[in-house]
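Report on the following structure.
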Amino acid sequence: MFQSRTNTCGELRLADVGKRVTLVGWLDSIREVSANLIFVVLRDFYGTTQIVADCEEMIRQLKEITRESTIQVTGVVRERSSRNPKQDTGDIELVPERVSVLGRCRYHELPFQVNRSREADEAVRLKYRFLDLRNPEVKRNMVLRSNVVAALRASMIEHGFLEITTPILTASSPEGARDYLVPARNHPGKFYALPQAPQQFKQLLMTAGFDRYFQIAPCFRDEDARADRSPGEFYQLDMEMAFATQEDVFAVIEDVLPPVFEKYGAYHRASSAPFVRIPYREAMDKYGSDKPDLRIDLTVSDATDLLAGCGFEPFAEGNRIKAVVVSGFKETRKFIDKVCADVEVQAGSKMYWFRMDENGEFVGGISKFLSDRHDAVITALQLTPGCFVGLSAGTLDAARKTAGVMVKTLGARVPGHMDPEQYAFCWIVDFPMYEVGEESGELEFCHNPFSMPSGGLAVLEAAERGEVDPLTITADQYDLVCNGVELSSGAVRNHDPDIMVKAFELVRLGEADVKAKFPAMYNAFCYGAPPHAGIAPGVDRMVMLLAGEESIREIIPFPMNKNAQDLMMDAPSEVTQRQLDELHIQLHLPKKE
RNA sequence: GGCCGAGUAGUUCAGUUGGUUAGAACGCUAGCCUGUCACGCUAGAGGUCGUGGGUUCGAGCCCCAUCUCGGUCGCCA
């Protein structure tokens, strides 16, 4: 019954006219032009081909087939009497001799129209993802993803990296996000954990003598989702280099990523090596963010001394005030209100504003509070007529964060302050090693304890003696940022057990804690470890940037929803009592109200 | 867990101060149409207005509760 196709639906051209061919695919649509003439569009992975029927029997057969059924059509290719330049196969059509249904679609009405599935409710799309993916626009992102991963892999191999897979079932890690746990049947009461990243394994590979490692690595973290963060699982281009410095890692990434971004991205322009390096503290002051969007020319100024005590209540003593100046501002009051509302939602605190009109007067917003310092404000913020000034106030963190959101929002919406069609990379460097914990009030690791403190053992010992403020110690740790999106964190690792212990001692921990938390790594490092460094850019976020999508779910073949459910597979789901018994698990469920 | 937004036909949406039989487009069904390609024309079917309660002579609309989805904050070494 079923015979192999001779061609795909995207393949036939004028040169094929006269050939007898067999095509297979999905019945995309039927156009009934008259009782004696109908056109059927056949769609497969590769494209679409028009089938024309002008005899009674064939029309009857085709009209009986429901949309989205799979069919096989054998017939002769002929030139169309009216061509369609918008279609790759628009010069030809297939005159069918035999049609058979391979897989009948049982429904006349689908959950959504396949060619318009992106407009449908997302929960419905995810439940019927197999239909959603038939939409060429949706499918295209999966093809892009495959191409990008293949290009990254090829480039890494070309750079001398060895792809090595690491365990999925491993040990729970005491640091970082929540783990996904897997009960161990043969070890009652014990659990495997899915890796949050192959961090420790890749460092062990370095210790084992592998010089350059990489992996398109699945990572699992039980944390809540965001538009750009899939819950549960995601992929990283994980890499690590032995006997390497920060600059060695930068050089590889600066060589690998731009060509891929230029070839596969929606914008065919990417930063070239070397990417701009911005110290963390400078980024926070200048852009209000540790992931600045360098396509935007706006920056943040501190206006605390300038505006404190002006009488506007949020600018009261003790609050920090940040300002973002936008020149050439011609937008309406409605526009400003919308920006303020959107900034407040994203930043969690309010945005204030005023403008300088063409006569040099301050108007709108909080301008009436500024009359006593008109000239000083102009001088300090370097205002010119037509400037808009966005303001934020609060704790340093809150004011800075709000200002950062203002930069991105105003930059994206006010014409002339952003050159959007490019990929602007930068490195954020010199992250602080320690911070004072908000809850504990005591010194804590700022990021992860694997990173090498800049200055090594000496600086830690100086801090211990009180000669150096531990808050000024930075780590050889870096973030890769592109267009305001954090693509990756990386670091020169701390490969010296003495420095590890000392780093822990500063936060009131010690050798026993290092050994308890990272037994394999600590042990391995005692047998001669190379200095090493690495990074792990997020594959999903890179593809998202390249595809120009706003939602991470658009570039994942089978995404979970915001609540980490797979609506198509119905996961997570209950299991049988027998399964629980085998695993020695007793449920203790919260009471339902 | 907090905050914001959404939930009306298979789908996307409209629905005025609370007032007759809840509309449109696409899709679906039937008919017409010999070159369509977002085909066109005519007709038809299709609704627990997320759910429950309340206010009212009367609720898609107002109030309360609740569920679901999305965004965001917390969280994400």
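Order determines the names: the first chain of the structure tokens is A, the second B, and so forth; residues in each chain are numbered 1 upward, and ligands are numbered 1 upward as they are shown.
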Could you go through stretch 54-299 of chain A and tell me which residues DSSP, when run on the backbone, assigns to alpha helix (DSSP H), listing them as a PyMOL selection string? chain A and resi 56-63+122-127+129-132+136-158+199-207+246-264+280-287
Set the distance at 10 Å and use only C-alpha atoms (C1' of nucleotides): which residues neighbour A:Val543 once local chain neighbours fewer than 6 positions away are removed? I'd like the list as number ranges by chain. A: 141-142, 144-149, 261, 264-265, 549, 552, 554-556
Shell of 10 Å around B:C39, only C-alpha atoms (C1' of nucleotides), local chain residues under 3 positions omitted, as a PDB file with N, CA and C atoms (P, O5', C5', C4', C3', O3' and C1' of nucleotides), in the first residue's frame:
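Final output, saved to around.pdb:
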```
ATOM      1  N   ARG A  31      -8.725  24.144  -1.905  1.00  0.00           N
ATOM      2  CA  ARG A  31      -9.434  25.289  -2.482  1.00  0.00           C
ATOM      3  C   ARG A  31     -10.346  24.762  -3.572  1.00  0.00           C
ATOM      4  N   GLU A  32     -11.654  24.887  -3.352  1.00  0.00           N
ATOM      5  CA  GLU A  32     -12.617  24.429  -4.349  1.00  0.00           C
ATOM      6  C   GLU A  32     -12.976  25.603  -5.240  1.00  0.00           C
ATOM      7  N   VAL A  33     -12.397  25.607  -6.411  1.00  0.00           N
ATOM      8  CA  VAL A  33     -12.615  26.736  -7.306  1.00  0.00           C
ATOM      9  C   VAL A  33     -13.926  26.561  -8.071  1.00  0.00           C
TER      10      VAL A  33
ATOM     11  P     G B  35     -11.605  30.019 -14.135  1.00  0.00           P
ATOM     12  O5'   G B  35     -10.186  29.973 -13.445  1.00  0.00           O
ATOM     13  C5'   G B  35     -10.082  29.697 -12.051  1.00  0.00           C
ATOM     14  C4'   G B  35      -8.624  29.683 -11.674  1.00  0.00           C
ATOM     15  C3'   G B  35      -7.769  30.670 -12.458  1.00  0.00           C
ATOM     16  O3'   G B  35      -6.736  31.137 -11.619  1.00  0.00           O
ATOM     17  C1'   G B  35      -6.927  28.507 -12.719  1.00  0.00           C
ATOM     18  P     U B  36      -6.811  32.631 -11.033  1.00  0.00           P
ATOM     19  O5'   U B  36      -6.988  32.343  -9.491  1.00  0.00           O
ATOM     20  C5'   U B  36      -8.291  32.185  -8.949  1.00  0.00           C
ATOM     21  C4'   U B  36      -8.246  31.195  -7.822  1.00  0.00           C
ATOM     22  C3'   U B  36      -7.187  31.481  -6.765  1.00  0.00           C
ATOM     23  O3'   U B  36      -7.639  32.439  -5.827  1.00  0.00           O
ATOM     24  C1'   U B  36      -7.124  29.197  -7.354  1.00  0.00           C
TER      25        U B  36
END
```
Please return, as an MDAnalysis selection string, all residues of chain B lying within 12 Å of chain A when only C-alpha atoms (C1' of nucleotides) are considered. chainID B and resid 1:7 10:13 26:29 31:41 46 66 68:77
With C-alpha atoms (C1' of nucleotides) kept, could you save the residues just selected as a PDB file, in the first residue's frame?
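And here is the file that came out, part.pdb:
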```
ATOM      1  C1'   G B   1       4.356  32.609  48.213  1.00  0.00           C
ATOM      2  C1'   G B   2       3.399  38.384  46.756  1.00  0.00           C
ATOM      3  C1'   C B   3       1.840  41.709  42.793  1.00  0.00           C
ATOM      4  C1'   C B   4      -0.182  42.694  37.688  1.00  0.00           C
ATOM      5  C1'   G B   5      -2.933  40.958  33.420  1.00  0.00           C
ATOM      6  C1'   A B   6      -6.110  37.444  30.933  1.00  0.00           C
ATOM      7  C1'   G B   7     -10.285  33.658  30.795  1.00  0.00           C
ATOM      8  C1'   G B  10     -13.287  24.869  17.481  1.00  0.00           C
ATOM      9  C1'   U B  11      -9.570  29.451  17.262  1.00  0.00           C
ATOM     10  C1'   U B  12      -8.542  34.833  17.776  1.00  0.00           C
ATOM     11  C1'   C B  13     -11.368  38.642  19.660  1.00  0.00           C
ATOM     12  C1'   C B  26     -11.090  32.568  10.630  1.00  0.00           C
ATOM     13  C1'   G B  27     -12.303  27.397  10.904  1.00  0.00           C
ATOM     14  C1'   C B  28     -16.335  23.581  10.258  1.00  0.00           C
ATOM     15  C1'   U B  29     -20.970  21.687   7.322  1.00  0.00           C
ATOM     16  C1'   G B  31     -24.767  24.610  -1.993  1.00  0.00           C
ATOM     17  C1'   C B  32     -22.866  27.678  -6.258  1.00  0.00           C
ATOM     18  C1'   C B  33     -18.469  28.910  -9.048  1.00  0.00           C
ATOM     19  C1'   U B  34     -13.098  25.937 -14.712  1.00  0.00           C
ATOM     20  C1'   G B  35      -6.927  28.507 -12.719  1.00  0.00           C
ATOM     21  C1'   U B  36      -7.124  29.197  -7.354  1.00  0.00           C
ATOM     22  C1'   C B  37      -3.007  30.037  -4.128  1.00  0.00           C
ATOM     23  C1'   A B  38      -5.379  34.338   2.647  1.00  0.00           C
ATOM     24  C1'   C B  39      -9.757  32.029  -3.853  1.00  0.00           C
ATOM     25  C1'   G B  40     -14.820  34.197  -4.232  1.00  0.00           C
ATOM     26  C1'   C B  41     -20.351  34.067  -3.282  1.00  0.00           C
ATOM     27  C1'   G B  46     -21.762  25.831  16.753  1.00  0.00           C
ATOM     28  C1'   U B  66     -11.976  29.997  43.828  1.00  0.00           C
ATOM     29  C1'   U B  68      -6.491  27.943  35.166  1.00  0.00           C
ATOM     30  C1'   C B  69      -2.962  30.469  32.004  1.00  0.00           C
ATOM     31  C1'   G B  70       0.714  34.323  31.127  1.00  0.00           C
ATOM     32  C1'   G B  71       4.068  38.260  32.949  1.00  0.00           C
ATOM     33  C1'   U B  72       6.847  39.821  37.123  1.00  0.00           C
ATOM     34  C1'   C B  73       9.194  39.887  42.235  1.00  0.00           C
ATOM     35  C1'   G B  74      11.149  36.316  45.565  1.00  0.00           C
ATOM     36  C1'   C B  75      14.194  32.231  43.737  1.00  0.00           C
ATOM     37  C1'   C B  76      17.830  30.825  39.815  1.00  0.00           C
ATOM     38  C1'   A B  77      26.105  28.645  43.439  1.00  0.00           C
TER      39        A B  77
END
```
Apply DSSP to the structure's backbone, then extract all residues of stretch 50-190 of chain A labelled strand (DSSP E or B) and return them as a PDB file with N, CA and C atoms, in the first residue's frame.
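Now in part18.pdb:
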```
ATOM      1  N   GLN A  50       1.290  21.924  -4.921  1.00  0.00           N
ATOM      2  CA  GLN A  50      -0.129  21.987  -5.274  1.00  0.00           C
ATOM      3  C   GLN A  50      -0.527  20.771  -6.079  1.00  0.00           C
ATOM      4  N   ILE A  51      -1.639  20.166  -5.639  1.00  0.00           N
ATOM      5  CA  ILE A  51      -2.239  19.073  -6.393  1.00  0.00           C
ATOM      6  C   ILE A  51      -3.471  19.660  -7.078  1.00  0.00           C
ATOM      7  N   VAL A  52      -3.659  19.370  -8.357  1.00  0.00           N
ATOM      8  CA  VAL A  52      -4.840  19.892  -9.047  1.00  0.00           C
ATOM      9  C   VAL A  52      -5.714  18.710  -9.465  1.00  0.00           C
ATOM     10  N   ALA A  53      -7.025  18.841  -9.273  1.00  0.00           N
ATOM     11  CA  ALA A  53      -7.927  17.769  -9.700  1.00  0.00           C
ATOM     12  C   ALA A  53      -9.054  18.376 -10.512  1.00  0.00           C
ATOM     13  N   THR A  70      -2.512  12.365   6.621  1.00  0.00           N
ATOM     14  CA  THR A  70      -1.357  12.129   5.751  1.00  0.00           C
ATOM     15  C   THR A  70      -1.818  11.327   4.549  1.00  0.00           C
ATOM     16  N   ILE A  71      -1.359  11.732   3.380  1.00  0.00           N
ATOM     17  CA  ILE A  71      -1.769  11.058   2.154  1.00  0.00           C
ATOM     18  C   ILE A  71      -0.573  10.820   1.256  1.00  0.00           C
ATOM     19  N   GLN A  72      -0.789   9.944   0.297  1.00  0.00           N
ATOM     20  CA  GLN A  72       0.216   9.655  -0.718  1.00  0.00           C
ATOM     21  C   GLN A  72      -0.429   9.923  -2.063  1.00  0.00           C
ATOM     22  N   VAL A  73       0.265  10.656  -2.897  1.00  0.00           N
ATOM     23  CA  VAL A  73      -0.291  11.015  -4.208  1.00  0.00           C
ATOM     24  C   VAL A  73       0.705  10.634  -5.297  1.00  0.00           C
ATOM     25  N   THR A  74       0.247   9.850  -6.247  1.00  0.00           N
ATOM     26  CA  THR A  74       1.071   9.538  -7.413  1.00  0.00           C
ATOM     27  C   THR A  74       0.441  10.198  -8.634  1.00  0.00           C
ATOM     28  N   GLY A  75       1.273  10.841  -9.419  1.00  0.00           N
ATOM     29  CA  GLY A  75       0.727  11.517 -10.587  1.00  0.00           C
ATOM     30  C   GLY A  75       1.840  12.109 -11.432  1.00  0.00           C
ATOM     31  N   VAL A  76       1.430  12.952 -12.355  1.00  0.00           N
ATOM     32  CA  VAL A  76       2.374  13.533 -13.311  1.00  0.00           C
ATOM     33  C   VAL A  76       2.514  15.036 -13.048  1.00  0.00           C
ATOM     34  N   VAL A  77       3.757  15.513 -13.098  1.00  0.00           N
ATOM     35  CA  VAL A  77       4.039  16.924 -12.881  1.00  0.00           C
ATOM     36  C   VAL A  77       3.723  17.695 -14.154  1.00  0.00           C
ATOM     37  N   ARG A  78       2.999  18.820 -13.994  1.00  0.00           N
ATOM     38  CA  ARG A  78       2.789  19.658 -15.175  1.00  0.00           C
ATOM     39  C   ARG A  78       2.977  21.124 -14.800  1.00  0.00           C
ATOM     40  N   GLU A  79       3.202  21.911 -15.821  1.00  0.00           N
ATOM     41  CA  GLU A  79       3.378  23.338 -15.606  1.00  0.00           C
ATOM     42  C   GLU A  79       2.031  23.968 -15.284  1.00  0.00           C
ATOM     43  N   ILE A  92       4.876  24.665 -10.817  1.00  0.00           N
ATOM     44  CA  ILE A  92       4.350  23.355 -11.246  1.00  0.00           C
ATOM     45  C   ILE A  92       3.191  22.930 -10.352  1.00  0.00           C
ATOM     46  N   GLU A  93       2.533  21.868 -10.795  1.00  0.00           N
ATOM     47  CA  GLU A  93       1.499  21.240  -9.975  1.00  0.00           C
ATOM     48  C   GLU A  93       1.480  19.765 -10.322  1.00  0.00           C
ATOM     49  N   LEU A  94       0.837  18.986  -9.464  1.00  0.00           N
ATOM     50  CA  LEU A  94       0.800  17.551  -9.664  1.00  0.00           C
ATOM     51  C   LEU A  94      -0.616  17.146 -10.044  1.00  0.00           C
ATOM     52  N   VAL A  95      -0.715  16.422 -11.180  1.00  0.00           N
ATOM     53  CA  VAL A  95      -2.016  15.895 -11.604  1.00  0.00           C
ATOM     54  C   VAL A  95      -2.111  14.465 -11.094  1.00  0.00           C
ATOM     55  N   PRO A  96      -2.971  14.227 -10.130  1.00  0.00           N
ATOM     56  CA  PRO A  96      -2.961  12.917  -9.449  1.00  0.00           C
ATOM     57  C   PRO A  96      -3.634  11.824 -10.279  1.00  0.00           C
ATOM     58  N   GLU A  97      -3.026  10.646 -10.201  1.00  0.00           N
ATOM     59  CA  GLU A  97      -3.649   9.464 -10.804  1.00  0.00           C
ATOM     60  C   GLU A  97      -4.176   8.545  -9.718  1.00  0.00           C
ATOM     61  N   ARG A  98      -3.433   8.551  -8.581  1.00  0.00           N
ATOM     62  CA  ARG A  98      -3.862   7.678  -7.479  1.00  0.00           C
ATOM     63  C   ARG A  98      -3.592   8.409  -6.161  1.00  0.00           C
ATOM     64  N   VAL A  99      -4.566   8.410  -5.283  1.00  0.00           N
ATOM     65  CA  VAL A  99      -4.429   9.045  -3.976  1.00  0.00           C
ATOM     66  C   VAL A  99      -4.807   8.035  -2.911  1.00  0.00           C
ATOM     67  N   SER A 100      -3.990   7.910  -1.882  1.00  0.00           N
ATOM     68  CA  SER A 100      -4.425   7.061  -0.772  1.00  0.00           C
ATOM     69  C   SER A 100      -4.113   7.739   0.560  1.00  0.00           C
ATOM     70  N   VAL A 101      -4.981   7.465   1.503  1.00  0.00           N
ATOM     71  CA  VAL A 101      -4.824   8.041   2.841  1.00  0.00           C
ATOM     72  C   VAL A 101      -3.919   7.138   3.655  1.00  0.00           C
ATOM     73  N   LEU A 102      -2.871   7.705   4.223  1.00  0.00           N
ATOM     74  CA  LEU A 102      -1.921   6.915   5.031  1.00  0.00           C
ATOM     75  C   LEU A 102      -2.271   6.982   6.508  1.00  0.00           C
ATOM     76  N   GLY A 103      -2.658   8.156   6.965  1.00  0.00           N
ATOM     77  CA  GLY A 103      -3.026   8.325   8.377  1.00  0.00           C
ATOM     78  C   GLY A 103      -4.139   9.350   8.445  1.00  0.00           C
ATOM     79  N   LEU A 162      37.232  18.293  23.247  1.00  0.00           N
ATOM     80  CA  LEU A 162      36.766  16.915  23.196  1.00  0.00           C
ATOM     81  C   LEU A 162      35.385  16.871  23.831  1.00  0.00           C
ATOM     82  N   GLU A 163      34.397  16.300  23.126  1.00  0.00           N
ATOM     83  CA  GLU A 163      33.059  16.213  23.727  1.00  0.00           C
ATOM     84  C   GLU A 163      32.976  14.979  24.599  1.00  0.00           C
ATOM     85  N   THR A 170      23.437  11.608  39.529  1.00  0.00           N
ATOM     86  CA  THR A 170      24.641  11.910  40.289  1.00  0.00           C
ATOM     87  C   THR A 170      24.251  12.279  41.715  1.00  0.00           C
ATOM     88  N   LEU A 181      15.448  15.258  42.602  1.00  0.00           N
ATOM     89  CA  LEU A 181      15.929  14.045  43.246  1.00  0.00           C
ATOM     90  C   LEU A 181      15.314  12.805  42.616  1.00  0.00           C
ATOM     91  N   VAL A 182      16.090  11.739  42.596  1.00  0.00           N
ATOM     92  CA  VAL A 182      15.645  10.462  42.048  1.00  0.00           C
ATOM     93  C   VAL A 182      15.890   9.393  43.099  1.00  0.00           C
ATOM     94  N   PRO A 183      14.844   8.744  43.583  1.00  0.00           N
ATOM     95  CA  PRO A 183      15.040   7.747  44.641  1.00  0.00           C
ATOM     96  C   PRO A 183      15.855   6.554  44.128  1.00  0.00           C
TER      97      PRO A 183
END
```
Env of stretch 400-406 of chain A: 6 Å cut, atoms = only C-alpha atoms (C1' of nucleotides), seq-sep filter 3 positions within chain, self excluded. Answer as a compact mmCIF listing (two decimals) with all heavy atoms, in the first residue's frame.
```txt
# COMPACT_ATOMS: atom_id res chain seq x y z
N TYR A 287 25.11 51.26 34.13
CA TYR A 287 23.95 50.73 33.42
C TYR A 287 22.83 50.27 34.35
O TYR A 287 21.76 49.87 33.89
CB TYR A 287 24.36 49.57 32.50
CG TYR A 287 25.42 49.96 31.51
CD1 TYR A 287 26.75 49.61 31.71
CD2 TYR A 287 25.10 50.69 30.37
CE1 TYR A 287 27.73 49.97 30.80
CE2 TYR A 287 26.07 51.06 29.45
CZ TYR A 287 27.38 50.69 29.68
OH TYR A 287 28.35 51.06 28.78
N GLY A 288 23.10 50.28 35.66
CA GLY A 288 22.08 49.82 36.60
C GLY A 288 21.80 48.34 36.49
O GLY A 288 20.74 47.86 36.89
N SER A 289 22.74 47.60 35.91
CA SER A 289 22.49 46.19 35.64
C SER A 289 23.82 45.49 35.42
O SER A 289 24.77 46.10 34.93
CB SER A 289 21.63 46.05 34.39
OG SER A 289 21.59 44.71 33.97
N ALA A 347 10.57 46.53 37.66
CA ALA A 347 11.60 46.82 38.66
C ALA A 347 11.07 46.64 40.07
O ALA A 347 11.85 46.44 41.00
CB ALA A 347 12.11 48.24 38.46
N LEU A 396 20.19 51.69 47.59
CA LEU A 396 21.10 51.71 46.44
C LEU A 396 20.68 50.64 45.43
O LEU A 396 20.58 50.90 44.24
CB LEU A 396 22.54 51.48 46.90
CG LEU A 396 23.57 51.36 45.78
CD1 LEU A 396 23.61 52.61 44.93
CD2 LEU A 396 24.96 51.04 46.35
N ASP A 397 20.41 49.43 45.92
CA ASP A 397 20.03 48.33 45.03
C ASP A 397 18.75 48.65 44.25
O ASP A 397 18.69 48.45 43.04
CB ASP A 397 19.83 47.04 45.83
CG ASP A 397 21.16 46.36 46.13
OD1 ASP A 397 22.18 46.82 45.58
OD2 ASP A 397 21.16 45.39 46.90
N THR A 409 14.12 50.17 28.97
CA THR A 409 12.79 50.47 28.46
C THR A 409 12.81 51.72 27.58
O THR A 409 12.28 51.72 26.46
CB THR A 409 11.81 50.67 29.64
OG1 THR A 409 11.91 49.54 30.51
CG2 THR A 409 10.39 50.81 29.14
N LEU A 410 13.43 52.79 28.09
CA LEU A 410 13.50 54.03 27.31
C LEU A 410 14.34 53.84 26.06
O LEU A 410 14.00 54.31 24.98
CB LEU A 410 14.08 55.16 28.18
CG LEU A 410 13.16 55.63 29.32
CD1 LEU A 410 13.95 56.45 30.34
CD2 LEU A 410 12.01 56.46 28.77
```
Would you kindly return, as a ChimeraX atom specification, each protein, DNA or RNA residue with an atom no farther than 7 Å from any atom of A:Pro195, considering only C-alpha atoms (C1' of nucleotides) and excluding same-chain residues fewer than 6 positions away? /A:168,170,219-220
Just to be explicit: take each residue in the selection above, keep C-alpha atoms, and write the result as a tab-separated table (two decimals), in the first residue's frame.
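Dumped everything to part34.tsv:
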```
chain	number	residue	atom	x	y	z
A	168	ILE	CA	22.79	12.42	34.61
A	170	THR	CA	24.64	11.91	40.29
A	219	CYS	CA	21.13	20.85	33.27
A	220	PHE	CA	18.34	20.43	35.79
```
Atom CA of A:Glu11 to atom CA of A:Thr89, distance in Å rounded to a single decimal: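 Separation of atom CA of A:Glu11 and atom CA of A:Thr89: 6.9 Å.
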